[in-house]
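Asker: coords21.cif is reproduced below (mmCIF, C-alpha atoms).
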data_query
#
loop_
_atom_site.group_PDB
_atom_site.id
_atom_site.type_symbol
_atom_site.label_atom_id
_atom_site.label_comp_id
_atom_site.auth_asym_id
_atom_site.auth_seq_id
_atom_site.Cartn_x
_atom_site.Cartn_y
_atom_site.Cartn_z
ATOM 1 C CA MET P 1 0.225 17.016 -12.786
ATOM 2 C CA ASP P 2 -3.063 16.912 -10.851
ATOM 3 C CA THR P 3 -4.961 13.980 -9.338
ATOM 4 C CA LEU P 4 -6.735 13.214 -12.615
ATOM 5 C CA ASP P 5 -3.382 13.102 -14.401
ATOM 6 C CA GLN P 6 -2.100 10.644 -11.819
ATOM 7 C CA GLN P 7 -5.150 8.432 -12.235
ATOM 8 C CA LEU P 8 -4.834 8.658 -16.000
ATOM 9 C CA ILE P 9 -1.161 7.671 -15.857
ATOM 10 C CA ASP P 10 -2.081 4.698 -13.677
ATOM 11 C CA LEU P 11 -4.835 3.502 -16.032
ATOM 12 C CA LEU P 12 -2.937 4.108 -19.265
ATOM 13 C CA GLN P 13 0.003 1.981 -18.122
ATOM 14 C CA ASP P 14 -2.306 -1.021 -18.112
ATOM 15 C CA GLY P 15 -3.189 -0.420 -21.724
ATOM 16 C CA ILE P 16 -6.121 0.366 -23.989
ATOM 17 C CA PRO P 17 -8.229 -2.195 -25.861
ATOM 18 C CA VAL P 18 -8.380 -2.747 -29.608
ATOM 19 C CA VAL P 19 -11.851 -1.339 -30.190
ATOM 20 C CA GLU P 20 -13.061 1.534 -32.354
ATOM 21 C CA ARG P 21 -13.027 4.054 -29.495
ATOM 22 C CA PRO P 22 -10.376 2.749 -27.095
ATOM 23 C CA PHE P 23 -10.222 5.873 -24.915
ATOM 24 C CA ALA P 24 -13.925 5.750 -24.047
ATOM 25 C CA PRO P 25 -13.552 3.288 -21.119
ATOM 26 C CA VAL P 26 -10.778 5.362 -19.512
ATOM 27 C CA ALA P 27 -12.738 8.569 -20.051
ATOM 28 C CA HIS P 28 -15.788 6.995 -18.455
ATOM 29 C CA ARG P 29 -13.733 5.788 -15.437
ATOM 30 C CA LEU P 30 -12.403 9.293 -14.846
ATOM 31 C CA GLY P 31 -15.584 11.222 -15.624
ATOM 32 C CA LEU P 32 -13.937 13.016 -18.547
ATOM 33 C CA THR P 33 -14.714 13.314 -22.236
ATOM 34 C CA GLU P 34 -12.493 11.406 -24.666
ATOM 35 C CA GLU P 35 -11.231 14.769 -25.944
ATOM 36 C CA ALA P 36 -10.181 15.758 -22.433
ATOM 37 C CA VAL P 37 -8.367 12.448 -21.959
ATOM 38 C CA LEU P 38 -6.537 12.942 -25.263
ATOM 39 C CA GLU P 39 -5.595 16.524 -24.339
ATOM 40 C CA ARG P 40 -4.138 15.359 -21.033
ATOM 41 C CA LEU P 41 -2.330 12.464 -22.716
ATOM 42 C CA SER P 42 -0.807 14.834 -25.320
ATOM 43 C CA ARG P 43 0.326 17.204 -22.594
ATOM 44 C CA LEU P 44 1.866 14.436 -20.484
ATOM 45 C CA LEU P 45 3.788 13.226 -23.533
ATOM 46 C CA ALA P 46 4.900 16.749 -24.462
ATOM 47 C CA GLU P 47 6.075 17.330 -20.877
ATOM 48 C CA GLY P 48 7.990 14.052 -20.865
ATOM 49 C CA VAL P 49 6.030 12.611 -17.939
ATOM 50 C CA LEU P 50 5.173 9.772 -20.303
ATOM 51 C CA THR P 51 7.882 8.795 -22.751
ATOM 52 C CA ARG P 52 5.708 6.962 -25.259
ATOM 53 C CA PHE P 53 2.138 5.837 -25.914
ATOM 54 C CA GLY P 54 1.488 2.973 -28.303
ATOM 55 C CA PRO P 55 2.176 -0.706 -28.923
ATOM 56 C CA LEU P 56 4.931 -1.953 -26.608
ATOM 57 C CA LEU P 57 6.827 -4.644 -28.489
ATOM 58 C CA ASP P 58 8.270 -7.822 -27.013
ATOM 59 C CA ALA P 59 11.709 -8.496 -28.435
ATOM 60 C CA ALA P 60 11.656 -12.199 -27.560
ATOM 61 C CA ALA P 61 8.259 -12.790 -29.219
ATOM 62 C CA LEU P 62 9.527 -11.047 -32.346
ATOM 63 C CA GLY P 63 12.323 -13.568 -32.451
ATOM 64 C CA GLY P 64 14.911 -10.848 -32.257
ATOM 65 C CA ALA P 65 18.265 -10.925 -30.555
ATOM 66 C CA PHE P 66 19.315 -8.481 -27.911
ATOM 67 C CA THR P 67 21.989 -8.000 -25.339
ATOM 68 C CA LEU P 68 22.956 -5.719 -22.473
ATOM 69 C CA ALA P 69 26.331 -4.121 -23.086
ATOM 70 C CA ALA P 70 28.594 -1.928 -20.995
ATOM 71 C CA LEU P 71 31.783 0.038 -21.355
ATOM 72 C CA SER P 72 34.061 2.189 -19.266
ATOM 73 C CA ALA P 73 34.308 5.664 -20.781
ATOM 74 C CA PRO P 74 37.040 8.045 -19.622
ATOM 75 C CA GLU P 75 35.365 11.032 -17.968
ATOM 76 C CA ALA P 76 36.809 13.613 -20.344
ATOM 77 C CA ASP P 77 35.464 11.619 -23.289
ATOM 78 C CA PHE P 78 32.099 10.606 -21.866
ATOM 79 C CA ASP P 79 29.735 12.694 -23.984
ATOM 80 C CA ARG P 80 31.581 12.015 -27.214
ATOM 81 C CA ILE P 81 31.459 8.261 -26.571
ATOM 82 C CA ALA P 82 27.770 8.438 -25.571
ATOM 83 C CA ASN P 83 26.960 10.141 -28.872
ATOM 84 C CA LEU P 84 28.844 7.483 -30.820
ATOM 85 C CA VAL P 85 26.944 4.703 -29.038
ATOM 86 C CA ASN P 86 23.560 6.458 -29.388
ATOM 87 C CA ALA P 87 24.084 6.985 -33.124
ATOM 88 C CA HIS P 88 23.480 3.279 -33.698
ATOM 89 C CA ALA P 89 19.806 2.594 -34.461
ATOM 90 C CA GLU P 90 20.117 -0.788 -32.745
ATOM 91 C CA VAL P 91 20.888 0.871 -29.398
ATOM 92 C CA ALA P 92 17.453 1.026 -27.762
ATOM 93 C CA HIS P 93 18.400 2.431 -24.366
ATOM 94 C CA ASN P 94 21.582 3.923 -22.938
ATOM 95 C CA TYR P 95 22.146 4.913 -19.309
ATOM 96 C CA ARG P 96 24.985 6.402 -17.351
ATOM 97 C CA ARG P 97 25.603 4.437 -14.159
ATOM 98 C CA GLU P 98 27.875 5.055 -11.208
ATOM 99 C CA HIS P 99 30.554 2.419 -11.522
ATOM 100 C CA ALA P 100 33.833 1.893 -13.341
ATOM 101 C CA PHE P 101 31.600 0.517 -16.117
ATOM 102 C CA ASN P 102 29.719 3.784 -16.513
ATOM 103 C CA MET P 103 27.788 3.355 -19.751
ATOM 104 C CA TRP P 104 25.105 0.664 -20.044
ATOM 105 C CA PHE P 105 23.108 0.103 -23.204
ATOM 106 C CA VAL P 106 20.726 -2.397 -24.746
ATOM 107 C CA ILE P 107 21.372 -3.527 -28.319
ATOM 108 C CA GLY P 108 18.353 -5.012 -30.119
ATOM 109 C CA CYS P 109 18.571 -6.569 -33.592
ATOM 110 C CA GLU P 110 16.318 -8.724 -35.701
ATOM 111 C CA GLN P 111 19.293 -10.714 -36.974
ATOM 112 C CA PRO P 112 21.378 -12.380 -34.246
ATOM 113 C CA SER P 113 24.580 -12.005 -36.262
ATOM 114 C CA ARG P 114 24.106 -8.252 -36.266
ATOM 115 C CA ILE P 115 24.658 -7.996 -32.497
ATOM 116 C CA ALA P 116 28.320 -8.985 -32.772
ATOM 117 C CA GLU P 117 28.728 -6.584 -35.708
ATOM 118 C CA VAL P 118 27.273 -3.646 -33.760
ATOM 119 C CA ILE P 119 29.496 -4.430 -30.784
ATOM 120 C CA ALA P 120 32.568 -4.597 -33.031
ATOM 121 C CA GLU P 121 31.613 -1.278 -34.676
ATOM 122 C CA ILE P 122 31.180 0.457 -31.324
ATOM 123 C CA GLU P 123 34.479 -0.904 -30.048
ATOM 124 C CA ARG P 124 36.220 0.372 -33.176
ATOM 125 C CA GLU P 125 34.569 3.804 -33.031
ATOM 126 C CA THR P 126 35.085 4.388 -29.318
ATOM 127 C CA GLY P 127 38.279 2.489 -28.595
ATOM 128 C CA CYS P 128 36.523 0.998 -25.529
ATOM 129 C CA PRO P 129 36.280 -2.751 -24.913
ATOM 130 C CA ILE P 130 32.653 -3.803 -24.470
ATOM 131 C CA LEU P 131 31.132 -6.161 -21.907
ATOM 132 C CA ASP P 132 28.566 -8.272 -23.761
ATOM 133 C CA LEU P 133 25.959 -9.612 -21.312
ATOM 134 C CA PRO P 134 23.125 -11.474 -23.082
ATOM 135 C CA LYS P 135 20.392 -12.864 -20.894
ATOM 136 C CA VAL P 136 20.748 -16.550 -20.015
ATOM 137 C CA ASP P 137 17.484 -16.729 -18.059
ATOM 138 C CA GLU P 138 14.697 -14.319 -17.192
ATOM 139 C CA TYR P 139 12.886 -14.258 -13.869
ATOM 140 C CA PHE P 140 10.547 -11.321 -14.189
ATOM 141 C CA LEU P 141 9.752 -8.572 -16.649
ATOM 142 C CA GLY P 142 7.138 -6.040 -15.753
ATOM 143 C CA LEU P 143 6.830 -2.532 -14.488
ATOM 144 C CA HIS P 144 3.934 -0.512 -13.224
ATOM 145 C CA LEU P 145 4.796 2.774 -11.590
ATOM 146 C CA THR P 146 2.331 4.491 -9.305
ATOM 147 C CA PRO P 147 3.078 8.216 -9.127
ATOM 148 C CA ARG P 148 4.909 8.800 -5.845
ATOM 149 C CA GLN P 149 4.217 12.389 -5.039
ATOM 150 C CA PRO P 150 2.082 15.251 -6.199
ATOM 151 C CA ALA P 151 4.025 17.171 -8.828
ATOM 152 C CA PRO P 152 4.842 20.811 -8.244
ATOM 153 C CA ALA P 153 2.141 23.131 -9.648
ATOM 154 C CA MET M 154 5.607 -14.278 -15.803
ATOM 155 C CA PRO M 155 8.577 -15.529 -13.755
ATOM 156 C CA GLY M 156 10.896 -18.329 -14.607
ATOM 157 C CA THR M 157 10.645 -18.604 -18.380
ATOM 158 C CA MET M 158 13.504 -20.789 -19.516
ATOM 159 C CA GLN M 159 15.681 -19.647 -22.344
ATOM 160 C CA SER M 160 18.351 -21.612 -24.157
ATOM 161 C CA ALA M 161 21.904 -20.950 -23.065
ATOM 162 C CA ASP M 162 22.395 -18.866 -26.170
ATOM 163 C CA ALA M 163 19.650 -16.286 -25.855
ATOM 164 C CA ARG M 164 20.185 -15.000 -29.379
ATOM 165 C CA THR M 165 17.272 -16.813 -30.975
ATOM 166 C CA ALA M 166 17.049 -16.771 -34.715
ATOM 167 C CA TRP M 167 14.474 -14.727 -36.543
ATOM 168 C CA THR M 168 11.395 -16.923 -36.677
ATOM 169 C CA GLY M 169 9.203 -14.933 -39.024
ATOM 170 C CA ALA M 170 6.774 -14.192 -36.223
ATOM 171 C CA ILE M 171 5.166 -11.378 -38.198
ATOM 172 C CA ASP M 172 4.313 -10.959 -41.872
ATOM 173 C CA ALA M 173 5.090 -7.981 -44.097
ATOM 174 C CA VAL M 174 1.734 -6.289 -43.422
ATOM 175 C CA ASP M 175 2.146 -6.667 -39.646
ATOM 176 C CA ARG M 176 5.575 -5.118 -40.012
ATOM 177 C CA ARG M 177 4.206 -2.077 -41.867
ATOM 178 C CA LEU M 178 1.651 -1.634 -39.122
ATOM 179 C CA LEU M 179 4.189 -1.877 -36.320
ATOM 180 C CA VAL M 180 6.679 0.434 -38.022
ATOM 181 C CA ALA M 181 3.906 3.001 -38.570
ATOM 182 C CA SER M 182 2.804 2.921 -34.925
ATOM 183 C CA GLN M 183 5.929 2.215 -32.911
ATOM 184 C CA ALA M 184 6.794 5.887 -32.353
ATOM 185 C CA GLY M 185 3.306 6.381 -30.978
ATOM 186 C CA LEU M 186 -0.367 5.775 -31.648
ATOM 187 C CA PRO M 187 -2.307 8.744 -33.111
ATOM 188 C CA LEU M 188 -3.942 10.654 -30.260
ATOM 189 C CA VAL M 189 -7.448 10.791 -31.661
ATOM 190 C CA PRO M 190 -10.720 9.171 -30.528
ATOM 191 C CA ARG M 191 -10.418 6.500 -33.249
ATOM 192 C CA PRO M 192 -6.665 5.862 -33.385
ATOM 193 C CA TYR M 193 -6.895 2.549 -35.248
ATOM 194 C CA ARG M 194 -8.894 4.158 -38.044
ATOM 195 C CA GLU M 195 -6.235 6.839 -38.439
ATOM 196 C CA LEU M 196 -3.445 4.248 -38.283
ATOM 197 C CA ALA M 197 -5.266 2.189 -40.928
ATOM 198 C CA ALA M 198 -5.558 5.233 -43.211
ATOM 199 C CA SER M 199 -1.845 5.940 -42.865
ATOM 200 C CA VAL M 200 -0.932 2.447 -44.055
ATOM 201 C CA GLY M 201 -3.728 2.100 -46.614
ATOM 202 C CA LEU M 202 -5.643 -0.716 -44.947
ATOM 203 C CA PRO M 203 -9.227 -1.116 -43.734
ATOM 204 C CA GLU M 204 -9.725 -0.234 -40.059
ATOM 205 C CA GLU M 205 -11.229 -3.654 -39.348
ATOM 206 C CA GLU M 206 -8.161 -5.458 -40.707
ATOM 207 C CA VAL M 207 -5.807 -3.282 -38.653
ATOM 208 C CA MET M 208 -7.780 -4.066 -35.530
ATOM 209 C CA ARG M 209 -7.876 -7.776 -36.298
ATOM 210 C CA ARG M 210 -4.098 -7.841 -36.828
ATOM 211 C CA LEU M 211 -3.392 -5.879 -33.656
ATOM 212 C CA ARG M 212 -5.557 -8.269 -31.623
ATOM 213 C CA HIS M 213 -3.698 -11.198 -33.095
ATOM 214 C CA LEU M 214 -0.326 -9.602 -32.311
ATOM 215 C CA LEU M 215 -1.511 -9.059 -28.740
ATOM 216 C CA GLU M 216 -2.647 -12.684 -28.414
ATOM 217 C CA ARG M 217 0.749 -13.862 -29.577
ATOM 218 C CA ARG M 218 2.411 -11.342 -27.223
ATOM 219 C CA VAL M 219 4.376 -9.717 -30.017
ATOM 220 C CA ILE M 220 2.717 -6.611 -28.619
ATOM 221 C CA ARG M 221 2.768 -6.801 -24.816
ATOM 222 C CA ARG M 222 0.085 -4.133 -24.553
ATOM 223 C CA ILE M 223 -0.923 -0.837 -26.132
ATOM 224 C CA ALA M 224 -0.096 1.493 -23.312
ATOM 225 C CA ALA M 225 1.799 4.427 -21.868
ATOM 226 C CA LEU M 226 5.431 4.133 -20.848
ATOM 227 C CA PRO M 227 6.136 6.299 -17.814
ATOM 228 C CA ASN M 228 9.174 8.446 -17.205
ATOM 229 C CA HIS M 229 10.416 7.139 -13.870
ATOM 230 C CA TYR M 230 11.972 10.403 -12.796
ATOM 231 C CA ALA M 231 8.896 12.467 -13.584
ATOM 232 C CA LEU M 232 6.760 10.109 -11.500
ATOM 233 C CA GLY M 233 8.969 10.515 -8.456
ATOM 234 C CA TYR M 234 11.140 7.432 -8.844
ATOM 235 C CA ARG M 235 14.395 9.303 -8.715
ATOM 236 C CA ALA M 236 16.536 6.324 -7.765
ATOM 237 C CA ASN M 237 17.061 3.514 -10.227
ATOM 238 C CA GLY M 238 19.467 0.878 -9.053
ATOM 239 C CA MET M 239 20.720 -2.024 -11.109
ATOM 240 C CA THR M 240 21.581 -4.559 -8.422
ATOM 241 C CA VAL M 241 24.094 -7.206 -9.439
ATOM 242 C CA TRP M 242 25.072 -10.346 -7.557
ATOM 243 C CA ASP M 243 27.555 -13.174 -7.864
ATOM 244 C CA VAL M 244 25.267 -16.110 -7.072
ATOM 245 C CA ALA M 245 26.424 -19.714 -6.883
ATOM 246 C CA ASP M 246 25.555 -21.437 -10.157
ATOM 247 C CA GLU M 247 23.671 -24.292 -8.529
ATOM 248 C CA ALA M 248 21.427 -21.893 -6.593
ATOM 249 C CA ILE M 249 20.680 -19.189 -9.132
ATOM 250 C CA ALA M 250 17.558 -20.618 -10.790
ATOM 251 C CA GLY M 251 15.609 -20.873 -7.545
ATOM 252 C CA LEU M 252 16.938 -17.668 -6.027
ATOM 253 C CA GLY M 253 16.494 -15.744 -9.272
ATOM 254 C CA ALA M 254 12.814 -16.637 -9.295
ATOM 255 C CA LEU M 255 12.437 -15.496 -5.663
ATOM 256 C CA VAL M 256 14.178 -12.196 -6.293
ATOM 257 C CA GLY M 257 12.254 -11.628 -9.525
ATOM 258 C CA ALA M 258 8.975 -11.985 -7.655
ATOM 259 C CA LEU M 259 9.758 -9.145 -5.225
ATOM 260 C CA PRO M 260 7.342 -6.235 -5.734
ATOM 261 C CA PHE M 261 10.063 -3.600 -6.102
ATOM 262 C CA VAL M 262 11.986 -5.553 -8.753
ATOM 263 C CA SER M 263 10.981 -4.691 -12.306
ATOM 264 C CA HIS M 264 13.418 -6.797 -14.341
ATOM 265 C CA CYS M 265 15.483 -9.773 -13.230
ATOM 266 C CA TYR M 266 17.889 -11.745 -15.401
ATOM 267 C CA GLN M 267 20.726 -14.194 -15.257
ATOM 268 C CA ARG M 268 23.629 -13.097 -17.439
ATOM 269 C CA PRO M 269 27.112 -14.510 -17.936
ATOM 270 C CA ARG M 270 30.048 -13.511 -15.767
ATOM 271 C CA ARG M 271 32.862 -11.805 -17.624
ATOM 272 C CA LEU M 272 35.879 -12.444 -15.451
ATOM 273 C CA PRO M 273 38.052 -10.921 -14.225
ATOM 274 C CA HIS M 274 36.347 -7.520 -14.448
ATOM 275 C CA TRP M 275 32.699 -8.521 -14.085
ATOM 276 C CA PRO M 276 31.962 -11.347 -11.614
ATOM 277 C CA TYR M 277 28.166 -10.906 -11.353
ATOM 278 C CA ASN M 278 25.583 -13.243 -12.897
ATOM 279 C CA LEU M 279 22.255 -12.044 -11.408
ATOM 280 C CA PHE M 280 20.833 -8.658 -12.358
ATOM 281 C CA ALA M 281 17.736 -7.165 -10.720
ATOM 282 C CA MET M 282 16.459 -3.651 -11.432
ATOM 283 C CA VAL M 283 15.021 -1.784 -8.468
ATOM 284 C CA HIS M 284 13.181 1.559 -8.554
ATOM 285 C CA GLY M 285 12.508 3.790 -5.592
ATOM 286 C CA ALA M 286 11.774 7.375 -4.682
ATOM 287 C CA THR M 287 15.200 7.773 -3.084
ATOM 288 C CA ARG M 288 18.485 5.888 -2.904
ATOM 289 C CA ASP M 289 17.740 5.175 0.760
ATOM 290 C CA GLU M 290 14.593 3.382 -0.309
ATOM 291 C CA VAL M 291 16.475 1.403 -2.928
ATOM 292 C CA ALA M 292 19.135 0.571 -0.337
ATOM 293 C CA GLU M 293 16.417 -0.859 1.929
ATOM 294 C CA HIS M 294 15.178 -3.027 -0.915
ATOM 295 C CA VAL M 295 18.729 -4.179 -1.596
ATOM 296 C CA GLY M 296 19.009 -5.208 2.053
ATOM 297 C CA ARG M 297 15.944 -7.423 1.658
ATOM 298 C CA MET M 298 17.406 -8.994 -1.456
ATOM 299 C CA ALA M 299 20.717 -9.686 0.295
ATOM 300 C CA ALA M 300 18.828 -11.396 3.117
ATOM 301 C CA ILE M 301 17.021 -13.616 0.625
ATOM 302 C CA LEU M 302 20.200 -14.502 -1.239
ATOM 303 C CA GLY M 303 22.172 -15.179 1.933
ATOM 304 C CA SER M 304 25.482 -16.964 1.553
ATOM 305 C CA ALA M 305 24.643 -18.087 -1.984
ATOM 306 C CA ALA M 306 25.621 -14.543 -3.063
ATOM 307 C CA ARG M 307 29.395 -14.148 -2.698
ATOM 308 C CA SER M 308 29.293 -10.448 -3.575
ATOM 309 C CA GLY M 309 26.961 -7.772 -4.865
ATOM 310 C CA ASP M 310 26.764 -4.153 -5.885
ATOM 311 C CA VAL M 311 24.214 -1.497 -6.863
ATOM 312 C CA LEU M 312 24.817 0.612 -9.948
ATOM 313 C CA TYR M 313 22.647 3.732 -9.739
ATOM 314 C CA SER M 314 21.690 5.380 -12.998
ATOM 315 C CA SER M 315 22.600 9.037 -13.042
ATOM 316 C CA ARG M 316 21.560 10.012 -16.558
ATOM 317 C CA ILE M 317 19.341 8.709 -19.346
ATOM 318 C CA LEU M 318 21.465 8.951 -22.469
ATOM 319 C CA LYS M 319 18.965 7.430 -24.892
ATOM 320 C CA LYS M 320 15.533 5.875 -24.502
ATOM 321 C CA THR M 321 13.918 5.218 -27.870
ATOM 322 C CA GLY M 322 13.100 1.582 -27.161
ATOM 323 C CA LEU M 323 13.180 -1.392 -29.480
ATOM 324 C CA ARG M 324 12.474 -0.207 -33.022
ATOM 325 C CA LEU M 325 11.589 -2.317 -36.034
ATOM 326 C CA GLN M 326 13.259 -1.234 -39.232
ATOM 327 C CA PRO M 327 11.079 -0.926 -42.317
ATOM 328 C CA GLU M 328 11.963 -3.528 -44.931
#
Show me the file's structure as structure tokens.
Answerer:
Amino acid sequence: MDTLDQQLIDLLQDGIPVVERPFAPVAHRLGLTEEAVLERLSRLLAEGVLTRFGPLLDAAALGGAFTLAALSAPEADFDRIANLVNAHAEVAHNYRREHAFNMWFVIGCEQPSRIAEVIAEIERETGCPILDLPKVDEYFLGLHLTPRQPAPA
Amino acid sequence: MPGTMQSADARTAWTGAIDAVDRRLLVASQAGLPLVPRPYRELAASVGLPEEEVMRRLRHLLERRVIRRIAALPNHYALGYRANGMTVWDVADEAIAGLGALVGALPFVSHCYQRPRRLPHWPYNLFAMVHGATRDEVAEHVGRMAAILGSAARSGDVLYSSRILKKTGLRLQPE
């Protein structure tokens, strides 16, 4: 990741416009051709520096239901239980965290009734009781990460 | 935008915010936009629609905030944010709305929510996600949050993430 990559990452987090050639403004800002921007973007995605590039959806605006859920997986069983949880399409994110409740995942469904069904299925499959923690109020949602250090060559 | 009020039951019913054509468009693009100089033309071809209509629909979806933006999602770890701490607090019910808004506005907090307590095992009702280069940095941020919350927070904890198990994001299912 060089300086241009870092600048590109910064700019691309803000988003591209809906115009015929949406990469042209970014390319112009960085003094690159559109092709060069696209090459760098492809590489950053392939390397996993960026996880996705495209429309970022808002679950609330879609009218969908979602919840944060957690369980406590026995250490010896952790990977097996993680795979069972991940196998559900409605599980959007899943993280291991350092706590007695060591598996934290977001369930997102278009039908509110489906949330309870997914939770019940996961409890059945894993044998683990699930903490169901839907949001009651939201104070801030936004993330812009400035690269913190030059990457190794 | 801080402080948006939600009903006590946050599981809002499906409101039909998008039509069937919007859905096709979002399903076709949600894994990623084509990486070509004219991505909307290529997206339009893949769903059999004119480019101009695809662009019009995407603009409309952006205006209505169904699409927050068309952008890159960074990998925190790859960008040097190796510490991700989910801070959780047991905040007095009468104080949480005001304090939640204050905490949510802090520059190092990326998400901040009130959620229900689940006693006896889970006494926390305020969740704030903090990212930093190191755990020491996150710990400093947590100190600032504790100072803001003061005695209104009876207890708190930080749950560091140690592994990403899945990160596909919210996905629409094709009808």
Asker: Atom CA of Asp246 of chain M and atom CA of Asp310 of chain M are how many Å apart?
Answerer: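 Computed distance, atom CA of Asp246 of chain M to atom CA of Asp310 of chain M, equals 17.8 Å.
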Asker: When you count all atoms listed in the file, which of these residues is closest to Leu178 of chain M: P:Pro55, P:Asp10, P:Leu45, P:Glu20?
Answerer: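 Of the candidates, the smallest distance to Leu178 of chain M is held by P:Pro55.
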Asker: Just so the selection is clear, what residues does the PyMOL selection byres ((chain P and resi 100) around 12) cover here, as an NGL selection string?
Answerer: (:P and (70-75 or 96-99 or 101-104)) or (:M and (274-275 or 310 or 312-313))
Asker: For the PyMOL selection byres ((chain M and resi 283-298) around 6), applied here, can you spell out every residue it catches as number ranges by chain?
Answerer: M: 233-238, 261-262, 282, 299-301
Asker: What does the structure give for the distance between atom CA of Arg209 of chain M and atom CA of Tyr193 of chain M, in Å to one decimal?
Answerer: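 Between atom CA of Arg209 of chain M and atom CA of Tyr193 of chain M the gap is 10.4 Å.
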Asker: Would you give me, as a ChimeraX atom specification, the residues of chain P that come within 6 Å of chain M, using only C-alpha atoms?
Answerer: /P:12-13,15-16,20-21,49-58,61-65,92-98,112,133-143,147-148
Asker: Can you measure atom CA of Pro25 of chain P to atom CA of Ala46 of chain P for me? One decimal in Å is fine.
Answerer: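 Atom CA of Pro25 of chain P sits 23.1 Å away from atom CA of Ala46 of chain P.
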Asker: Pick from M:Ala248, M:Val174, M:Ala306, M:Leu272: nearest to Ala197 of chain M, with only C-alpha atoms counted?
Answerer: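 Under the stated criterion, the closest residue is M:Val174.
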Asker: Determine the residue membership of the PyMOL selection byres ((chain P and resi 7) around 12) for the file above and supply it as a PyMOL selection string.
Answerer: chain P and resi 1-6+8-14+26-27+29-32+37+40-41+145-148+150
Asker: Nearest to Val200 of chain M among M:Thr240, M:Asp172, M:Leu302, M:Arg177, with distances taken over only C-alpha atoms: which residue is it?
Answerer: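 That would be M:Arg177, the residue with the smallest distance to Val200 of chain M.
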Asker: Pick the closest to Val106 of chain P from P:Glu125, P:Val85, P:Val19, P:Ala120: which is it, counting all atoms listed in the file?
Answerer: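 Distance minimum relative to Val106 of chain P lands on P:Val85.
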